[in-house]
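Comments concern the structure below.
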Amino acid sequence: MKSTFKSTFILFTIGALLLSSFNLSKTTIHAEENTSVKDLIIFQNVPEVVMETDVDQIQLSALHVYEDGHFEEVTEELTWHSKNKNVATVDENGVVTFTGQDGRSFITVTDGEYSDEIAVHHKHATNQIMKQEGERYNVIDQAMEGMTLQEKIGQMLMPDFRTYDGEDVTEMLPEIERLIKEYHLGGIILFRENVVTTEQTARLVAAYQEASEKYGLLMAIDQEGGIVTRLQSGTDMPGNMALGATRSPEMTENVGRVIGEELEALGINMNLAPVLDVNNNPDNPVIGVRSFGESPELVSELGIAYTKGLQSTGVAATAKHFPGHGDTDVDSHLGLPEVPHDKDRLLEVELYPFQQAMDAGIDAIMTAHVTFPKIDDTKVTSQKDGTEISLPATLSYKVLTELMREEMGYNGVIITDALNMAAIADHFGSVDAVIRAVNAGTDVILMPIGLEEVADGLLEAVETGEITEARIEESVKRILTLKVERGIIKAENAKPIDKVVANAEQVVGSQAHKQVEAEAANRSITLVKNEDVLPLQVSPEEKIVVIANTYANSLYDSIQAHHQNTELITASGPLSEEQMEFLEEEAHAVIIGSYTYNVSGRSPSSPQMQMVNQVIDNMNIPVIGVGIRNPYDLMAYPEIDAYLAQYGFREASFQATASTLFGKNNPTGLLPVTIPDQDGEILFEFGYGLSY
């Protein structure tokens with residue numbers, strides 16, 4: 001890495017005519033910054049700040065605005081005052097409490113040199129806040145006027161520091177702190193390697209924010225729930241398809257709220273969730289149970305509920321993967337998928353949940369590395385092999401600007417999916433991909449390949465006119481607006497880390513959150529088939545045998561907790577003659593857990609499915625299947641006596657399955673997808689589900 005950005009952005013020549021051709025905006029010329037305070041304002045007076053109305057208490061906060069336009073939260077050496085304490089009082093921390101008496105008061109704050117006020121009003125049992133107006137409150141515009149071009153570009157960059165020099169990054173490193181400052185980074189994405197314990201995570205996130213120069217960092221993570229769960233110490237909520245099986249917006253909102261509360265307590269302010277892809281292709285290898293289901297209406301309803309719960313905690317939500325990754329059979333981490341449908345079909349299915357989420361006020365939308373030739377038929381030459389390929393949505397102006405911005409009316413933040421994925425990295429150079437993404441309409445560049453190369457490449461692209469500075473500024477304004485709306489503000493005096501840690505340890509993985517997790521898991525379990533063998537009726541002397549390979553111990557432990565006389569056979573293929581004899585002689589019932597995530601895994605010819613059918617064909621005792629992850633597993637062994645879908649491999653789902661097997665949880669889940677047979681005919685339809 002170079003130790004600094006380029007020290008000069010515009011090459012001056014002797015010729016006056018050539019010199020006049022450059023646009024020497026003040027944002028592209030280095031100047032010594034004046035970082036002295038020029039004003040104090042109440043944060044809630046900023047136009048972009050949305051406040052909850054008609055509440056009995058309001059937490060006000062204050063910002064120092066500096067000569068260079070940047071702003072920071074200030075908490076120390078402030079004096080708050082209410083001009084009419086009969087209407088409302090305010091304490092030393094800016095907490096306003098309405099008394100219930102009609103009238104108006106002005107709440108003032110001062111740091112001894114600068115001051116500001118905001119009006120509060122109570123009438124007819126309704127509390128209101130009335131912002132002050134004026135240029136001093138347009139902090140985003142002022143900030144952008146004072147930003148250098150490098151600072152603007154930095155706001156758009158969101159790299160990961162999953163590892164550094166081959167080691168997992170679990171604490172701030174001097175090298176990473178230098179990169180944050182050198183490239184004026186606007187965000188960081190965290191991965192499971194980075195978030196090991198609650199205390200460690202809280203300290204790491206606080207250190208990242210402390211390292212940011214002027215503007216708070218977007219600290220992002222993929223905490224979807226289910227199979228995509230990053231926090232190692234958090235509550236492992238069931239995933240979207242499990243929530244789809246519950247058919248409950250209320251349950252889904254609670255799950256979103258719990259996830260948000262845990263992230264917020266840790267200082268993580270952006271969740272790259274929910275997935276709003278409509279999983280109408282059983283062969284999809286990358287979405288699957290990450291989707292709420294195959295119905296656009298169900299995906300919309302539950303996606304909006306999840307978003308409402310998440311954003312209620314102050315954490316930004318991100319709908320993904322626009323325009324829709326559901327009807328694909330290629331993993332974009334590995335290749336370049338295509339969705340061949342025309343716009344009318346896309347509007348009815350793939351785009352429908354995204355439009356609903358936009359209308360409901362979602363903070364951000366992530367793009368898909370998927371081609372949509374009926375939307376954008378642009379062909380480009382692959383750098384991988386020189387072949388002609390369609391332009392992926394992530395890099396498409398027609399998709400991101402013409403479709404998303406202009407036709408669908410979306411004004412929020414657009415973030416790319418990870419640019420190091422093969423669908424992009426294989427076919428486009430790292431700088432070329434980023435330039436294309438920015439010109440297409442992207443605001444946040446996620447996980448670019450080569451931070452220095454990309455930052456310098458964007459700078460050069462603006463200098464040469466390949467990207468206009470106005471295009472950069474559009475994105476920066478949206479990013480700063482999101483940060484202001486979500487209170488992501490650099491603090492002059494950070495909250496004591498010990499207090500942050502203590503609060504996080506109370507919130508993350510709390511008993512109340514575990515109860516929501518258990519309820520969601522219990523309500524998601526779907527009994528798809530039952531030939532009068534469930535719930536299990538076994539005496540203590542009768543043996544149950546569990547057969548599984550992937551997550552075998554989790555399935556076994558959950559069942560053994562209900563019935564001690566349980567044994568485990570770990571097998572990834574057909575059983576031996578000795579194992580079959582053991583089942584015939586000892587087993588009263590067999591529970592088989594299958595685990596698949598792709599077409600070959602659930603093929604009847606796969607070793608796992610040969611084993612399941614071997615047991616079904618040769619046993620005269622109940623054989624019960626559990627689809628650990630994929631509800632489509634039943635396609636491979638439709639003759640089984642009973643089958644439950646649990647949609648994920650987190651412990652709460654195994655416990656819910658075991659409770660259901662023994663009749664302690666009455667299954668109420670309904671299939672969020674249609675299960676076809678091997679010929680494509682319907683085996684079990686969408687919405688099907690049995691109970692006891």
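Here's how to read the names in the structure tokens: chain A, B, ... by the order shown, residue numbers from 1 in each chain, ligand numbers from 1 in the order shown.
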Original post:
What residues in region 170-239 of chain A get the DSSP label strand (DSSP E or B)? Please answer as a VMD selection string.
Top reply: chain A and resid 187 to 190 218 to 221 225 228
Next, write the just-selected residues to a file, as a PDB file, in the first residue's frame, keeping N, CA, C and O atoms as the atom set.
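That gives us again.pdb:
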ATOM      1  N   GLY A 187     -17.274   3.233   5.329  1.00  0.00           N
ATOM      2  CA  GLY A 187     -17.910   2.054   5.909  1.00  0.00           C
ATOM      3  C   GLY A 187     -16.972   0.872   5.949  1.00  0.00           C
ATOM      4  O   GLY A 187     -15.944   0.833   5.257  1.00  0.00           O
ATOM      5  N   ILE A 188     -17.340  -0.102   6.769  1.00  0.00           N
ATOM      6  CA  ILE A 188     -16.620  -1.365   6.914  1.00  0.00           C
ATOM      7  C   ILE A 188     -17.674  -2.467   6.998  1.00  0.00           C
ATOM      8  O   ILE A 188     -18.716  -2.283   7.633  1.00  0.00           O
ATOM      9  N   ILE A 189     -17.411  -3.619   6.381  1.00  0.00           N
ATOM     10  CA  ILE A 189     -18.285  -4.780   6.570  1.00  0.00           C
ATOM     11  C   ILE A 189     -17.560  -5.798   7.439  1.00  0.00           C
ATOM     12  O   ILE A 189     -16.370  -6.067   7.243  1.00  0.00           O
ATOM     13  N   LEU A 190     -18.285  -6.339   8.399  1.00  0.00           N
ATOM     14  CA  LEU A 190     -17.748  -7.325   9.333  1.00  0.00           C
ATOM     15  C   LEU A 190     -18.193  -8.728   8.929  1.00  0.00           C
ATOM     16  O   LEU A 190     -19.301  -8.918   8.410  1.00  0.00           O
ATOM     17  N   LEU A 218     -20.364   3.567   8.460  1.00  0.00           N
ATOM     18  CA  LEU A 218     -21.386   2.546   8.323  1.00  0.00           C
ATOM     19  C   LEU A 218     -20.724   1.217   8.679  1.00  0.00           C
ATOM     20  O   LEU A 218     -19.839   0.741   7.966  1.00  0.00           O
ATOM     21  N   MET A 219     -21.126   0.625   9.798  1.00  0.00           N
ATOM     22  CA  MET A 219     -20.595  -0.669  10.221  1.00  0.00           C
ATOM     23  C   MET A 219     -21.622  -1.718   9.841  1.00  0.00           C
ATOM     24  O   MET A 219     -22.683  -1.841  10.464  1.00  0.00           O
ATOM     25  N   ALA A 220     -21.326  -2.464   8.782  1.00  0.00           N
ATOM     26  CA  ALA A 220     -22.311  -3.368   8.183  1.00  0.00           C
ATOM     27  C   ALA A 220     -21.972  -4.819   8.474  1.00  0.00           C
ATOM     28  O   ALA A 220     -20.824  -5.176   8.758  1.00  0.00           O
ATOM     29  N   ILE A 221     -23.007  -5.649   8.380  1.00  0.00           N
ATOM     30  CA  ILE A 221     -22.848  -7.086   8.617  1.00  0.00           C
ATOM     31  C   ILE A 221     -24.008  -7.812   7.944  1.00  0.00           C
ATOM     32  O   ILE A 221     -25.075  -7.220   7.729  1.00  0.00           O
ATOM     33  N   GLY A 225     -30.091 -13.979   9.773  1.00  0.00           N
ATOM     34  CA  GLY A 225     -30.769 -15.026  10.515  1.00  0.00           C
ATOM     35  C   GLY A 225     -30.659 -16.319   9.719  1.00  0.00           C
ATOM     36  O   GLY A 225     -30.358 -16.320   8.524  1.00  0.00           O
ATOM     37  N   VAL A 228     -27.328 -17.611   7.280  1.00  0.00           N
ATOM     38  CA  VAL A 228     -26.400 -16.476   7.189  1.00  0.00           C
ATOM     39  C   VAL A 228     -26.500 -15.672   8.476  1.00  0.00           C
ATOM     40  O   VAL A 228     -27.285 -14.737   8.602  1.00  0.00           O
TER      41      VAL A 228
END
Subject >> Non-local contacts of region 427-443 of chain A (8 Å; only C-alpha atoms; under 3 positions in same chain excluded) as a PyMOL selection string >> reply: chain A and resi 156+381-384+394-401+413-416+419+422-424+448-450+453-454+457-458+461+467+471-472+475-476+478-479
**OP:** Quick one: pick out all helix (DSSP H, G or I) residues within region 345-394 of chain A from a backbone DSSP run and write them as a list in words.
**Re:**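 Everything in region 345-394 of chain A that counts as helix (DSSP H, G or I) is Arg345, Leu346, Leu347, Glu348, Leu351, Tyr352, Pro353, Phe354, Gln355, Gln356, Ala357, Met358, Asp359, Ala393 and Thr394 of chain A.
The two atoms in question, CA of Trp80 (chain A) and CA of Ile118 (chain A), are spaced 11.2 Å apart.
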Near region 506-522 of chain A, 8 Å: region 555-674 of chain A residue rows, closest pairs, only C-alpha atoms, as a Markdown table:
| residue | atom | partner | partner_atom | distance |
| --- | --- | --- | --- | --- |
| A:Gln646 | CA | A:Ala521 | CA | 7.9 |
| A:Ala652 | CA | A:Ala518 | CA | 5.7 |
| A:Ser653 | CA | A:Ala521 | CA | 5.2 |
| A:Ala656 | CA | A:Asn522 | CA | 4.9 |
| A:Thr657 | CA | A:Asn522 | CA | 7.6 |
| A:Thr660 | CA | A:Asn522 | CA | 8.0 |
| A:Asn665 | CA | A:Asn522 | CA | 6.7 |
| A:Pro667 | CA | A:Asn522 | CA | 7.4 |
Could those selected residues go to a file with all heavy atoms, as a PDB file, in the first residue's frame?
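The file below, out.pdb, is the result:
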ATOM      1  N   GLN A 646     -37.357 -28.122   8.658  1.00  0.00           N
ATOM      2  CA  GLN A 646     -37.000 -27.168   9.719  1.00  0.00           C
ATOM      3  C   GLN A 646     -36.244 -25.950   9.181  1.00  0.00           C
ATOM      4  O   GLN A 646     -36.024 -25.003   9.922  1.00  0.00           O
ATOM      5  CB  GLN A 646     -36.190 -27.836  10.827  1.00  0.00           C
ATOM      6  CG  GLN A 646     -34.777 -28.257  10.468  1.00  0.00           C
ATOM      7  CD  GLN A 646     -34.026 -28.836  11.665  1.00  0.00           C
ATOM      8  OE1 GLN A 646     -34.584 -29.568  12.480  1.00  0.00           O
ATOM      9  NE2 GLN A 646     -32.749 -28.505  11.760  1.00  0.00           N
ATOM     10  N   ALA A 652     -31.883 -23.832  17.823  1.00  0.00           N
ATOM     11  CA  ALA A 652     -33.306 -23.666  18.146  1.00  0.00           C
ATOM     12  C   ALA A 652     -34.188 -24.457  17.193  1.00  0.00           C
ATOM     13  O   ALA A 652     -35.242 -24.977  17.587  1.00  0.00           O
ATOM     14  CB  ALA A 652     -33.685 -22.188  18.114  1.00  0.00           C
ATOM     15  N   SER A 653     -33.764 -24.575  15.933  1.00  0.00           N
ATOM     16  CA  SER A 653     -34.555 -25.334  14.964  1.00  0.00           C
ATOM     17  C   SER A 653     -34.495 -26.827  15.250  1.00  0.00           C
ATOM     18  O   SER A 653     -35.506 -27.538  15.125  1.00  0.00           O
ATOM     19  CB  SER A 653     -34.070 -25.037  13.542  1.00  0.00           C
ATOM     20  OG  SER A 653     -34.322 -23.686  13.204  1.00  0.00           O
ATOM     21  N   ALA A 656     -36.736 -27.404  18.177  1.00  0.00           N
ATOM     22  CA  ALA A 656     -38.144 -27.337  17.790  1.00  0.00           C
ATOM     23  C   ALA A 656     -38.566 -28.609  17.059  1.00  0.00           C
ATOM     24  O   ALA A 656     -39.682 -29.122  17.274  1.00  0.00           O
ATOM     25  CB  ALA A 656     -38.376 -26.112  16.909  1.00  0.00           C
ATOM     26  N   THR A 657     -37.701 -29.141  16.220  1.00  0.00           N
ATOM     27  CA  THR A 657     -38.001 -30.403  15.525  1.00  0.00           C
ATOM     28  C   THR A 657     -38.182 -31.539  16.527  1.00  0.00           C
ATOM     29  O   THR A 657     -39.135 -32.333  16.439  1.00  0.00           O
ATOM     30  CB  THR A 657     -36.870 -30.741  14.530  1.00  0.00           C
ATOM     31  OG1 THR A 657     -36.968 -29.856  13.418  1.00  0.00           O
ATOM     32  CG2 THR A 657     -36.979 -32.177  14.035  1.00  0.00           C
ATOM     33  N   THR A 660     -41.372 -31.314  18.327  1.00  0.00           N
ATOM     34  CA  THR A 660     -42.468 -31.693  17.433  1.00  0.00           C
ATOM     35  C   THR A 660     -42.553 -33.208  17.280  1.00  0.00           C
ATOM     36  O   THR A 660     -43.650 -33.792  17.308  1.00  0.00           O
ATOM     37  CB  THR A 660     -42.285 -31.020  16.063  1.00  0.00           C
ATOM     38  OG1 THR A 660     -42.166 -29.601  16.238  1.00  0.00           O
ATOM     39  CG2 THR A 660     -43.466 -31.316  15.150  1.00  0.00           C
ATOM     40  N   ASN A 665     -44.590 -29.964  20.729  1.00  0.00           N
ATOM     41  CA  ASN A 665     -44.863 -28.781  19.899  1.00  0.00           C
ATOM     42  C   ASN A 665     -45.775 -29.220  18.771  1.00  0.00           C
ATOM     43  O   ASN A 665     -45.425 -30.097  17.983  1.00  0.00           O
ATOM     44  CB  ASN A 665     -43.560 -28.203  19.326  1.00  0.00           C
ATOM     45  CG  ASN A 665     -43.825 -27.028  18.376  1.00  0.00           C
ATOM     46  OD1 ASN A 665     -44.459 -26.048  18.753  1.00  0.00           O
ATOM     47  ND2 ASN A 665     -43.327 -27.127  17.140  1.00  0.00           N
ATOM     48  N   PRO A 667     -47.128 -28.889  15.344  1.00  0.00           N
ATOM     49  CA  PRO A 667     -46.627 -28.168  14.168  1.00  0.00           C
ATOM     50  C   PRO A 667     -47.713 -27.335  13.504  1.00  0.00           C
ATOM     51  O   PRO A 667     -48.827 -27.817  13.273  1.00  0.00           O
ATOM     52  CB  PRO A 667     -46.138 -29.287  13.244  1.00  0.00           C
ATOM     53  CG  PRO A 667     -46.924 -30.493  13.658  1.00  0.00           C
ATOM     54  CD  PRO A 667     -47.134 -30.350  15.137  1.00  0.00           C
TER      55      PRO A 667
END
Subject >> CA of Tyr410 (chain A) to CA of Leu263 (chain A), distance in Å rounded to a single decimal >> reply: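 Going from CA of Tyr410 (chain A) over to CA of Leu263 (chain A), I get 25.7 Å.
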**OP:** Pick out the residues sitting within 7 Å of region 540-546 of chain A, and hand them over as a PyMOL selection string; count only C-alpha atoms, and ignore anything fewer than 5 positions along from it in its own chain.
**Re:** chain A and resi 556+565-569+586-592
Original post:
Can you list, as a list in words, every protein, DNA or RNA residue that comes within 9 Å of Tyr637 (chain A) when you count only C-alpha atoms, leaving out same-chain residues fewer than 5 positions away?
Top reply: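 Within the cut-off, the hits are Pro604, Met609, Gln610, Val612, Asn613, Ile616 and Gly625 of chain A.
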Using only C-alpha atoms, please write the residues we just selected to a file, as a PDB file, in the first residue's frame.
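Generated file (part_27.pdb):
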ATOM      1  CA  PRO A 604     -31.999 -39.852  -5.521  1.00  0.00           C
ATOM      2  CA  MET A 609     -30.325 -40.184  -0.665  1.00  0.00           C
ATOM      3  CA  GLN A 610     -29.426 -43.762  -1.580  1.00  0.00           C
ATOM      4  CA  VAL A 612     -32.312 -42.810   3.036  1.00  0.00           C
ATOM      5  CA  ASN A 613     -34.145 -44.922   0.472  1.00  0.00           C
ATOM      6  CA  ILE A 616     -37.095 -46.889   3.833  1.00  0.00           C
ATOM      7  CA  GLY A 625     -37.146 -37.743   7.622  1.00  0.00           C
TER       8      GLY A 625
END
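Around Arg162 (chain A), within 9 Å and counting only C-alpha atoms, the residues found are Glu167, Asp168, Val169, Thr170, Ile189, Leu190, Phe191, Arg192, Glu193 and Asn194 of chain A, once anything fewer than 4 positions away on its own chain is removed.
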For those residues, write N, CA and C atoms to a file as a JSON list (two decimals), in the first residue's frame.
[["chain", "number", "residue", "atom", "x", "y", "z"],
["A", 167, "GLU", "N", -4.25, -13.57, 9.51],
["A", 167, "GLU", "CA", -4.87, -13.74, 10.83],
["A", 167, "GLU", "C", -6.24, -13.07, 10.86],
["A", 168, "ASP", "N", -7.20, -13.70, 11.55],
["A", 168, "ASP", "CA", -8.51, -13.08, 11.71],
["A", 168, "ASP", "C", -8.37, -11.74, 12.45],
["A", 169, "VAL", "N", -9.09, -10.74, 11.97],
["A", 169, "VAL", "CA", -9.05, -9.42, 12.61],
["A", 169, "VAL", "C", -10.13, -9.37, 13.69],
["A", 170, "THR", "N", -9.70, -9.38, 14.95],
["A", 170, "THR", "CA", -10.64, -9.31, 16.07],
["A", 170, "THR", "C", -10.38, -8.09, 16.94],
["A", 189, "ILE", "N", -17.41, -3.62, 6.38],
["A", 189, "ILE", "CA", -18.28, -4.78, 6.57],
["A", 189, "ILE", "C", -17.56, -5.80, 7.44],
["A", 190, "LEU", "N", -18.28, -6.34, 8.40],
["A", 190, "LEU", "CA", -17.75, -7.33, 9.33],
["A", 190, "LEU", "C", -18.19, -8.73, 8.93],
["A", 191, "PHE", "N", -17.35, -9.70, 9.22],
["A", 191, "PHE", "CA", -17.67, -11.11, 8.97],
["A", 191, "PHE", "C", -17.54, -11.92, 10.25],
["A", 192, "ARG", "N", -17.92, -13.19, 10.16],
["A", 192, "ARG", "CA", -17.95, -14.04, 11.35],
["A", 192, "ARG", "C", -16.58, -14.12, 12.02],
["A", 193, "GLU", "N", -15.52, -14.04, 11.24],
["A", 193, "GLU", "CA", -14.18, -14.06, 11.81],
["A", 193, "GLU", "C", -13.92, -12.87, 12.72],
["A", 194, "ASN", "N", -14.64, -11.76, 12.49],
["A", 194, "ASN", "CA", -14.40, -10.52, 13.23],
["A", 194, "ASN", "C", -15.22, -10.39, 14.50]]
Subject >> Spatial neighbours of Ile365 (chain A), 10 Å, only C-alpha atoms, chain gap at least 5 places, as a ChimeraX atom specification >> reply: /A:272-276,317-323,354,357-358,404,410,412-417,442
Original post:
Looking at only C-alpha atoms, which of A:Ser390, A:Lys343, A:Gly100, A:Asp222 is the one that sits closest to Met366 (chain A)?
Top reply: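 Using only C-alpha atoms, the shortest distance to Met366 (chain A) belongs to A:Asp222.
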Original post:
Can you tell me, as an MDAnalysis selection string, what residues are no more than 8 Å from region 677-690 of chain A when counting only C-alpha atoms, ignoring any on the same chain fewer than 4 positions away?
Top reply: chainID A and resid 526:530 635:636 667:673
Now that the selection is made, can you save its residues with N, CA, C and O atoms as a PDB file, in the first residue's frame?
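Below is the file out-v3.pdb, written as the result:
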ATOM      1  N   THR A 526     -42.560 -27.489   9.875  1.00  0.00           N
ATOM      2  CA  THR A 526     -43.637 -27.872   8.958  1.00  0.00           C
ATOM      3  C   THR A 526     -43.689 -29.387   8.831  1.00  0.00           C
ATOM      4  O   THR A 526     -42.727 -30.013   8.370  1.00  0.00           O
ATOM      5  N   LEU A 527     -44.818 -29.961   9.253  1.00  0.00           N
ATOM      6  CA  LEU A 527     -45.046 -31.399   9.103  1.00  0.00           C
ATOM      7  C   LEU A 527     -45.668 -31.609   7.727  1.00  0.00           C
ATOM      8  O   LEU A 527     -46.843 -31.311   7.507  1.00  0.00           O
ATOM      9  N   VAL A 528     -44.867 -32.115   6.798  1.00  0.00           N
ATOM     10  CA  VAL A 528     -45.295 -32.230   5.406  1.00  0.00           C
ATOM     11  C   VAL A 528     -45.956 -33.578   5.140  1.00  0.00           C
ATOM     12  O   VAL A 528     -46.890 -33.683   4.349  1.00  0.00           O
ATOM     13  N   LYS A 529     -45.488 -34.616   5.829  1.00  0.00           N
ATOM     14  CA  LYS A 529     -46.057 -35.945   5.615  1.00  0.00           C
ATOM     15  C   LYS A 529     -46.099 -36.679   6.951  1.00  0.00           C
ATOM     16  O   LYS A 529     -45.174 -36.575   7.755  1.00  0.00           O
ATOM     17  N   ASN A 530     -47.179 -37.440   7.178  1.00  0.00           N
ATOM     18  CA  ASN A 530     -47.299 -38.214   8.410  1.00  0.00           C
ATOM     19  C   ASN A 530     -48.250 -39.382   8.198  1.00  0.00           C
ATOM     20  O   ASN A 530     -49.463 -39.215   8.143  1.00  0.00           O
ATOM     21  N   MET A 635     -38.158 -34.575  -2.167  1.00  0.00           N
ATOM     22  CA  MET A 635     -38.213 -34.998  -3.560  1.00  0.00           C
ATOM     23  C   MET A 635     -37.449 -36.296  -3.783  1.00  0.00           C
ATOM     24  O   MET A 635     -37.809 -37.101  -4.648  1.00  0.00           O
ATOM     25  N   ALA A 636     -36.388 -36.514  -3.006  1.00  0.00           N
ATOM     26  CA  ALA A 636     -35.519 -37.677  -3.214  1.00  0.00           C
ATOM     27  C   ALA A 636     -36.036 -38.921  -2.517  1.00  0.00           C
ATOM     28  O   ALA A 636     -35.624 -40.034  -2.861  1.00  0.00           O
ATOM     29  N   PRO A 667     -47.128 -28.889  15.344  1.00  0.00           N
ATOM     30  CA  PRO A 667     -46.627 -28.168  14.168  1.00  0.00           C
ATOM     31  C   PRO A 667     -47.713 -27.335  13.504  1.00  0.00           C
ATOM     32  O   PRO A 667     -48.827 -27.817  13.273  1.00  0.00           O
ATOM     33  N   THR A 668     -47.378 -26.088  13.208  1.00  0.00           N
ATOM     34  CA  THR A 668     -48.326 -25.187  12.541  1.00  0.00           C
ATOM     35  C   THR A 668     -47.727 -24.564  11.285  1.00  0.00           C
ATOM     36  O   THR A 668     -48.396 -23.782  10.611  1.00  0.00           O
ATOM     37  N   GLY A 669     -46.467 -24.887  10.970  1.00  0.00           N
ATOM     38  CA  GLY A 669     -45.821 -24.306   9.797  1.00  0.00           C
ATOM     39  C   GLY A 669     -46.477 -24.744   8.504  1.00  0.00           C
ATOM     40  O   GLY A 669     -46.990 -25.859   8.387  1.00  0.00           O
ATOM     41  N   LEU A 670     -46.468 -23.833   7.523  1.00  0.00           N
ATOM     42  CA  LEU A 670     -47.014 -24.096   6.196  1.00  0.00           C
ATOM     43  C   LEU A 670     -45.906 -23.920   5.168  1.00  0.00           C
ATOM     44  O   LEU A 670     -45.089 -22.993   5.275  1.00  0.00           O
ATOM     45  N   LEU A 671     -45.880 -24.791   4.183  1.00  0.00           N
ATOM     46  CA  LEU A 671     -44.809 -24.725   3.188  1.00  0.00           C
ATOM     47  C   LEU A 671     -44.765 -23.355   2.507  1.00  0.00           C
ATOM     48  O   LEU A 671     -45.770 -22.906   1.948  1.00  0.00           O
ATOM     49  N   PRO A 672     -43.604 -22.686   2.532  1.00  0.00           N
ATOM     50  CA  PRO A 672     -43.462 -21.407   1.816  1.00  0.00           C
ATOM     51  C   PRO A 672     -43.121 -21.604   0.341  1.00  0.00           C
ATOM     52  O   PRO A 672     -43.021 -20.638  -0.405  1.00  0.00           O
ATOM     53  N   VAL A 673     -42.916 -22.863  -0.053  1.00  0.00           N
ATOM     54  CA  VAL A 673     -42.578 -23.198  -1.435  1.00  0.00           C
ATOM     55  C   VAL A 673     -43.333 -24.454  -1.843  1.00  0.00           C
ATOM     56  O   VAL A 673     -43.779 -25.229  -0.998  1.00  0.00           O
TER      57      VAL A 673
END
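Proximity of A:Glu294, A:Glu584, A:Asp641, A:Asp102 to Thr674 (chain A), computed with only C-alpha atoms, is greatest for A:Glu294.
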Original post:
Hey, which of A:Thr201, A:Thr468, A:Ser524, A:Thr313 ends up closest to Phe292 (chain A)? Count only C-alpha atoms.
Top reply: A:Ser524
Original post:
For the atom pair CA of Ala360 (chain A) and CA of Met270 (chain A), what is the interatomic distance in Å to one decimal place?
Top reply: 17.4 Å
